[in-house]
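What follows is one structure encoded as structure tokens, with my remarks underneath.
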Amino acid sequence: MTFSVAVAGASGYAGGELLRILADHPDFEVRTVTAHQNAGHPLIAHQPHLRSLAHLTLVESTPENLAGHDVVFLALPHGASGAIAAQLPEDTLVVDCGADHRLEDPADWAAFYGGEHHGSWAYGVPELLVGDDKQREQLVGARRIAAPGCNASAVSLALAPGIHAGIVDEQDIVAVLAVGPSGAGKSLKTMYLASEILGSANPYAVGGTHRHIPEIQQNLRKVGAEAPTLSFTPVLVPMSRGILATSTARVKPGVTAEQVQAVWEEAYAGEPFVQVLPAGVVPRSADVLGANTVLIGVALDAAAGRVVTVLAIDNLYKGTAGAAIQSTNIALGLDETAGLSVNGVAP
């Protein structure tokens with residue numbers, strides 16, 4: 001069976017990455033692409049790398065244009081998905097790649113985003129620990145899925161094993177991320193200009209203001225943390241895409257390096273897309289470019305009494321579009337790995 005697909009926000013970075021993966025997916029056919037200010041333009045004018053989809057024209061992002069498909073992906077700015085999603089048929093599988101349906105607590109939404117809270121959907125990180133299960137179980141048969149924030153999934157996947165195993169203290173978590181500017185979308189802002197980024201590393205959302213913080217805390221609570229405290233600092237670096245997340249936390253007394261390695265390896269054993277590297281090995285952001293792969297290196301800093309995790313992820317692929325499509329595969333009962341690559345692009 002071939003499932004018909006519509007992608008809203010198809011002229012943006014996330015929409016383009018969704019379309020790039022969907023174009024080669026054996027079970028999906030992209031029939032409709034929508035945009036706001038770019039409606040009426042050929043898709044190829046905004047996504048010139050998508051040659052196999054050159055026949056498509058962008059139309060307005062309205063519920064009427066999106067209805068009538070088996071699957072709808074919403075790659076829209078935060079705050080724009082909720083109203084459209086509410087008007088789509090209940091039997092349509094809707095996947096929101098924005099933030100509108102990630103947070104369960106309306107107070108978190110009000111504090112970090114503002115505006116109307118549209119409720120929470122099944123969270124689209126299949127490998128994430130939830131109690132003694134994985135989030136994968138919550139995605140089976142789902143008709144509403146919230147794709148994750150790229151930074152949030154990186155930090156959550158990096159730390160969840162240690163919290164679940166009870167060897168990590170939830171009260172002193174520190175995460176510093178090197179991130180590419182594509183995660184902010186195509187909006188024209190001075191801080192994202194090449195002349196501002198090239199040759200520089202630029203911290204932003206410093207001091208606990210980044211919108212992915214409540215999402216990370218929500219994820220860690222589900223794995224066993226009661227009230228996790230997190231210092232989170234992202235740094236823009238001159239690479240178009242990618243995240244290298246270094247996350248540390250205090251370990252409980254007596255924990256050994258061998259225990260740490262074993263806990264992380266056990267947590268992700270058998271996962272097709274999340275791989276824990278051998279002891280002493282850490283990933284580079286380049287190692288996962290263009291892939292649905294997450295690579296994690298983990299070490300014990302015995303002198304500081306802290307576990308150190310280094311996680312690499314492509315923010316547009318596994319961080320957004322790949323997670324959305326992987327979750328869609330699960331929801332529809334397809335092979336979870338269908339259409340998704342573990343192989344990156346090098347150099």
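Lettering and numbering for the structure tokens are positional, with chains as A, B, ... in the shown order, residues counted from 1 in each chain, and ligands counted from 1 in the shown order.
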Write down as a ChimeraX atom specification the residues belonging to range 49-191 of chain A that are assigned strand (DSSP E) by DSSP computed on the backbone.
/A:58-60,71-74,93-96,122-123,129-130,133-134,144-146,168-179
- Among the residues of range 129-244 of chain A, find those DSSP assigns to helix (DSSP H, G or I) from the backbone and print them as an MDAnalysis selection string. chainID A and resid 136:139 150:165 181:184 190:192 194:197 213:222
Give me the residues near Asn151 in chain A as a compact mmCIF listing (two decimals) with C-alpha atoms, in the first residue's frame, where near means some atom within 12 Å (using only C-alpha atoms) and where sequence neighbours in that chain fewer than 5 positions away do not count.
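The new file selection_33.txt reads:
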# COMPACT_ATOMS: atom_id res chain seq x y z
CA SER A 156 17.48 13.56 26.49
CA LEU A 157 18.97 10.58 24.65
CA ALA A 158 22.39 11.39 26.06
CA ALA A 175 24.65 20.65 28.69
CA VAL A 176 26.59 22.75 26.18
CA LEU A 177 25.75 22.24 22.52
CA ALA A 178 27.54 23.27 19.35
CA VAL A 179 24.75 23.73 16.81
CA GLY A 180 24.39 24.67 13.16
CA GLY A 183 17.96 24.61 13.25
CA ALA A 184 16.58 28.14 13.38
CA HIS A 210 16.10 28.29 25.58
CA ARG A 211 12.72 26.86 24.64
CA HIS A 212 13.92 23.25 24.63
CA ILE A 213 14.64 23.26 28.38
CA PRO A 214 11.12 22.27 29.55
CA GLU A 215 11.01 19.58 26.84
CA ILE A 216 14.24 18.04 28.15
CA PHE A 232 21.59 24.43 29.02
CA THR A 233 23.70 26.59 26.70
CA PRO A 234 23.63 26.34 22.89
CA VAL A 235 26.43 27.82 20.80
CA GLY A 242 24.56 19.31 12.99
CA ILE A 243 24.67 19.20 16.79
CA LEU A 244 27.49 18.12 19.06
CA ALA A 245 26.04 17.95 22.57
CA THR A 246 28.33 17.63 25.58
CA SER A 247 26.21 16.81 28.62
CA LEU A 311 26.39 13.02 21.35
CA ALA A 312 26.37 13.80 17.63
CA ILE A 313 23.19 14.22 15.62
CA ASP A 314 22.14 15.86 12.35
CA ASN A 315 19.58 18.41 13.52
CA LEU A 316 17.61 18.36 10.27
CA LYS A 318 17.46 12.58 12.98
CA GLY A 319 16.79 15.76 14.95
CA THR A 320 13.64 16.60 12.99
Do you have, as JSON lines, the list of residues of range 195-291 of chain A lying at most 8 Å from range 333-346 of chain A, each with its nearest atom pair and that distance in Å to one decimal, counting only C-alpha atoms and ordered by chain then number?
{"residue": "A:Pro272", "atom": "CA", "partner": "A:Thr337", "partner_atom": "CA", "distance": 7.6}
{"residue": "A:Phe273", "atom": "CA", "partner": "A:Val342", "partner_atom": "CA", "distance": 6.5}
{"residue": "A:Ala286", "atom": "CA", "partner": "A:Ala346", "partner_atom": "CA", "distance": 7.4}
{"residue": "A:Asp287", "atom": "CA", "partner": "A:Gly344", "partner_atom": "CA", "distance": 6.2}
{"residue": "A:Val288", "atom": "CA", "partner": "A:Gly344", "partner_atom": "CA", "distance": 5.0}
{"residue": "A:Leu289", "atom": "CA", "partner": "A:Gly344", "partner_atom": "CA", "distance": 4.9}
{"residue": "A:Gly290", "atom": "CA", "partner": "A:Gly344", "partner_atom": "CA", "distance": 5.1}
{"residue": "A:Ala291", "atom": "CA", "partner": "A:Gly344", "partner_atom": "CA", "distance": 4.8}
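Taking CA of Gly199 in chain A as the reference point, CA of Gly185 in chain A is found at 20.7 Å.
Taking CA of Leu43 in chain A as the reference point, CA of Gly15 in chain A is found at 10.8 Å.
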So that I can check the surroundings of Gln261 in chain A, please list as number ranges by chain every protein, DNA and RNA residue that reaches within 9 Å of it, counting only C-alpha atoms and ignoring chain neighbours fewer than 5 positions away. A: 256, 266, 276, 278-279, 297-300
Save out the residues we just selected, N, CA and C atoms, as a short mmCIF file (atom, residue, chain, number, x, y, z; two decimals), in the first residue's frame.
data_model
loop_
_atom_site.label_atom_id
_atom_site.label_comp_id
_atom_site.auth_asym_id
_atom_site.auth_seq_id
_atom_site.Cartn_x
_atom_site.Cartn_y
_atom_site.Cartn_z
N THR A 256 31.64 3.12 38.64
CA THR A 256 32.89 2.94 37.90
C THR A 256 32.69 3.26 36.42
N GLU A 266 23.64 -0.98 27.28
CA GLU A 266 22.42 -1.77 27.49
C GLU A 266 21.17 -0.99 27.11
N VAL A 276 26.09 3.44 20.76
CA VAL A 276 27.04 3.85 21.77
C VAL A 276 28.42 3.40 21.33
N PRO A 278 32.57 2.62 21.47
CA PRO A 278 33.43 1.94 22.45
C PRO A 278 34.04 2.93 23.44
N ALA A 279 34.40 2.43 24.62
CA ALA A 279 35.01 3.28 25.64
C ALA A 279 36.23 4.00 25.07
N GLY A 297 29.29 8.96 22.73
CA GLY A 297 30.46 8.55 23.49
C GLY A 297 30.24 8.91 24.95
N VAL A 298 30.62 8.01 25.85
CA VAL A 298 30.38 8.25 27.27
C VAL A 298 31.64 7.93 28.06
N ALA A 299 31.91 8.75 29.08
CA ALA A 299 33.11 8.56 29.89
C ALA A 299 32.82 8.98 31.32
N LEU A 300 33.63 8.49 32.24
CA LEU A 300 33.55 8.90 33.64
C LEU A 300 34.73 9.79 33.96
#
query: Can you list, as JSON, numbers by chain, every protein, DNA or RNA residue that comes within 12 Å of Val255 in chain A when you count only C-alpha atoms, leaving out same-chain residues fewer than 6 positions away?
result: {"A": [162, 165, 166, 167, 168, 169, 261, 262, 263, 299, 300, 301, 302, 305, 306, 307]}
| message | as an MDAnalysis selection string, please: the residues near Ala99 in chain A (cut-off 10 Å, only C-alpha atoms, same-chain neighbours under 5 positions excluded). | response | chainID A and resid 75:82 109 113 118 120 146:149 211:212 215
Output the selection as a tab-separated table (two decimals), in the first residue's frame - all heavy atoms for each residue.
chain	number	residue	atom	x	y	z
A	75	ALA	N	5.53	21.29	8.93
A	75	ALA	CA	6.84	21.88	9.19
A	75	ALA	C	6.68	23.39	9.22
A	75	ALA	O	7.22	24.12	8.38
A	75	ALA	CB	7.84	21.45	8.12
A	76	LEU	N	5.93	23.84	10.20
A	76	LEU	CA	5.52	25.25	10.28
A	76	LEU	C	6.17	25.93	11.48
A	76	LEU	O	6.63	25.26	12.41
A	76	LEU	CB	4.00	25.34	10.41
A	76	LEU	CG	3.19	24.72	9.26
A	76	LEU	CD1	1.71	24.68	9.60
A	76	LEU	CD2	3.44	25.51	7.97
A	77	PRO	N	6.21	27.26	11.50
A	77	PRO	CA	6.75	27.97	12.66
A	77	PRO	C	5.97	27.64	13.92
A	77	PRO	O	4.78	27.30	13.87
A	77	PRO	CB	6.60	29.44	12.27
A	77	PRO	CG	6.51	29.44	10.78
A	77	PRO	CD	5.81	28.17	10.41
A	78	HIS	N	6.64	27.76	15.07
A	78	HIS	CA	5.97	27.49	16.34
A	78	HIS	C	4.75	28.39	16.48
A	78	HIS	O	4.78	29.58	16.20
A	78	HIS	CB	6.94	27.74	17.50
A	78	HIS	CG	8.19	26.93	17.41
A	78	HIS	ND1	8.22	25.64	16.91
A	78	HIS	CD2	9.47	27.22	17.74
A	78	HIS	CE1	9.45	25.19	16.95
A	78	HIS	NE2	10.24	26.11	17.44
A	79	GLY	N	3.65	27.79	16.90
A	79	GLY	CA	2.41	28.52	17.06
A	79	GLY	C	1.49	28.48	15.87
A	79	GLY	O	0.33	28.90	15.95
A	80	ALA	N	1.99	27.93	14.74
A	80	ALA	CA	1.17	27.91	13.52
A	80	ALA	C	0.52	26.57	13.25
A	80	ALA	O	-0.40	26.48	12.44
A	80	ALA	CB	2.04	28.30	12.32
A	81	SER	N	0.97	25.51	13.93
A	81	SER	CA	0.46	24.17	13.63
A	81	SER	C	-0.86	23.86	14.32
A	81	SER	O	-1.71	23.15	13.76
A	81	SER	CB	1.49	23.11	14.05
A	81	SER	OG	2.69	23.24	13.34
A	82	GLY	N	-1.02	24.37	15.53
A	82	GLY	CA	-2.15	23.96	16.35
A	82	GLY	C	-3.50	24.20	15.71
A	82	GLY	O	-4.35	23.30	15.67
A	109	TRP	N	4.40	25.82	28.47
A	109	TRP	CA	4.17	26.47	27.18
A	109	TRP	C	4.07	27.99	27.37
A	109	TRP	O	4.67	28.76	26.62
A	109	TRP	CB	2.90	25.93	26.53
A	109	TRP	CG	2.60	26.60	25.22
A	109	TRP	CD1	1.75	27.64	25.00
A	109	TRP	CD2	3.19	26.29	23.95
A	109	TRP	NE1	1.76	28.02	23.69
A	109	TRP	CE2	2.64	27.21	23.01
A	109	TRP	CE3	4.12	25.36	23.51
A	109	TRP	CZ2	2.99	27.19	21.67
A	109	TRP	CZ3	4.46	25.34	22.16
A	109	TRP	CH2	3.90	26.25	21.26
A	113	TYR	N	6.95	29.80	25.43
A	113	TYR	CA	6.46	30.12	24.09
A	113	TYR	C	5.40	31.22	24.11
A	113	TYR	O	5.46	32.17	23.34
A	113	TYR	CB	5.88	28.86	23.42
A	113	TYR	CG	6.92	27.83	23.07
A	113	TYR	CD1	7.24	26.81	23.95
A	113	TYR	CD2	7.58	27.85	21.84
A	113	TYR	CE1	8.19	25.85	23.63
A	113	TYR	CE2	8.53	26.91	21.50
A	113	TYR	CZ	8.83	25.91	22.41
A	113	TYR	OH	9.78	24.97	22.09
A	118	HIS	N	-1.96	23.94	22.74
A	118	HIS	CA	-2.81	23.05	21.96
A	118	HIS	C	-2.78	21.59	22.43
A	118	HIS	O	-3.25	20.71	21.72
A	118	HIS	CB	-2.41	23.12	20.49
A	118	HIS	CG	-2.69	24.44	19.86
A	118	HIS	ND1	-3.94	24.81	19.39
A	118	HIS	CD2	-1.89	25.52	19.63
A	118	HIS	CE1	-3.89	26.03	18.89
A	118	HIS	NE2	-2.66	26.48	19.02
A	120	SER	N	-0.78	18.02	24.13
A	120	SER	CA	0.40	17.25	23.76
A	120	SER	C	0.00	16.00	22.99
A	120	SER	O	-1.06	15.43	23.20
A	120	SER	CB	1.19	16.85	25.01
A	120	SER	OG	0.41	16.03	25.87
A	146	ALA	N	4.07	14.35	17.79
A	146	ALA	CA	4.87	15.56	17.93
A	146	ALA	C	6.33	15.19	17.72
A	146	ALA	O	6.93	14.50	18.54
A	146	ALA	CB	4.67	16.17	19.30
A	147	ALA	N	6.91	15.63	16.61
A	147	ALA	CA	8.34	15.43	16.40
A	147	ALA	C	9.10	16.26	17.44
A	147	ALA	O	8.63	17.30	17.88
A	147	ALA	CB	8.73	15.83	14.98
A	148	PRO	N	10.30	15.83	17.82
A	148	PRO	CA	10.99	16.48	18.93
A	148	PRO	C	11.72	17.75	18.52
A	148	PRO	O	11.96	18.00	17.33
A	148	PRO	CB	12.02	15.41	19.34
A	148	PRO	CG	12.36	14.74	18.03
A	148	PRO	CD	11.04	14.66	17.29
A	149	GLY	N	12.08	18.53	19.52
A	149	GLY	CA	13.08	19.57	19.30
A	149	GLY	C	14.43	18.90	19.15
A	149	GLY	O	14.76	17.97	19.90
A	211	ARG	N	14.04	27.48	24.61
A	211	ARG	CA	12.72	26.86	24.64
A	211	ARG	C	12.74	25.35	24.75
A	211	ARG	O	11.70	24.73	25.04
A	211	ARG	CB	11.95	27.27	23.38
A	211	ARG	CG	11.54	28.73	23.38
A	211	ARG	CD	10.94	29.15	22.06
A	211	ARG	NE	10.26	30.43	22.14
A	211	ARG	CZ	9.67	31.04	21.12
A	211	ARG	NH1	9.69	30.48	19.92
A	211	ARG	NH2	9.06	32.20	21.28
A	212	HIS	N	13.87	24.71	24.52
A	212	HIS	CA	13.92	23.25	24.63
A	212	HIS	C	14.13	22.76	26.06
A	212	HIS	O	14.06	21.56	26.33
A	212	HIS	CB	15.02	22.69	23.72
A	212	HIS	CG	14.68	22.76	22.27
A	212	HIS	ND1	15.57	22.41	21.28
A	212	HIS	CD2	13.54	23.11	21.63
A	212	HIS	CE1	15.00	22.57	20.09
A	212	HIS	NE2	13.76	23.00	20.29
A	215	GLU	N	11.17	20.85	27.57
A	215	GLU	CA	11.01	19.58	26.84
A	215	GLU	C	12.00	18.54	27.35
A	215	GLU	O	11.64	17.37	27.55
A	215	GLU	CB	11.21	19.84	25.35
A	215	GLU	CG	10.91	18.65	24.46
A	215	GLU	CD	11.10	19.00	22.98
A	215	GLU	OE1	11.10	20.19	22.64
A	215	GLU	OE2	11.27	18.05	22.18
TODO: Tell me, as a ChimeraX atom specification, which residues lie within 10 Å of Leu332 in chain A, counting only C-alpha atoms; anything in the same chain fewer than 5 positions away does not count.
DONE: /A:3,71,93,139-143,327
Min atom-atom distance to Asp105 in chain A from the set A:Ala154, A:Gln218, A:Tyr268, A:Ile173, counting only C-alpha atoms, belongs to A:Gln218
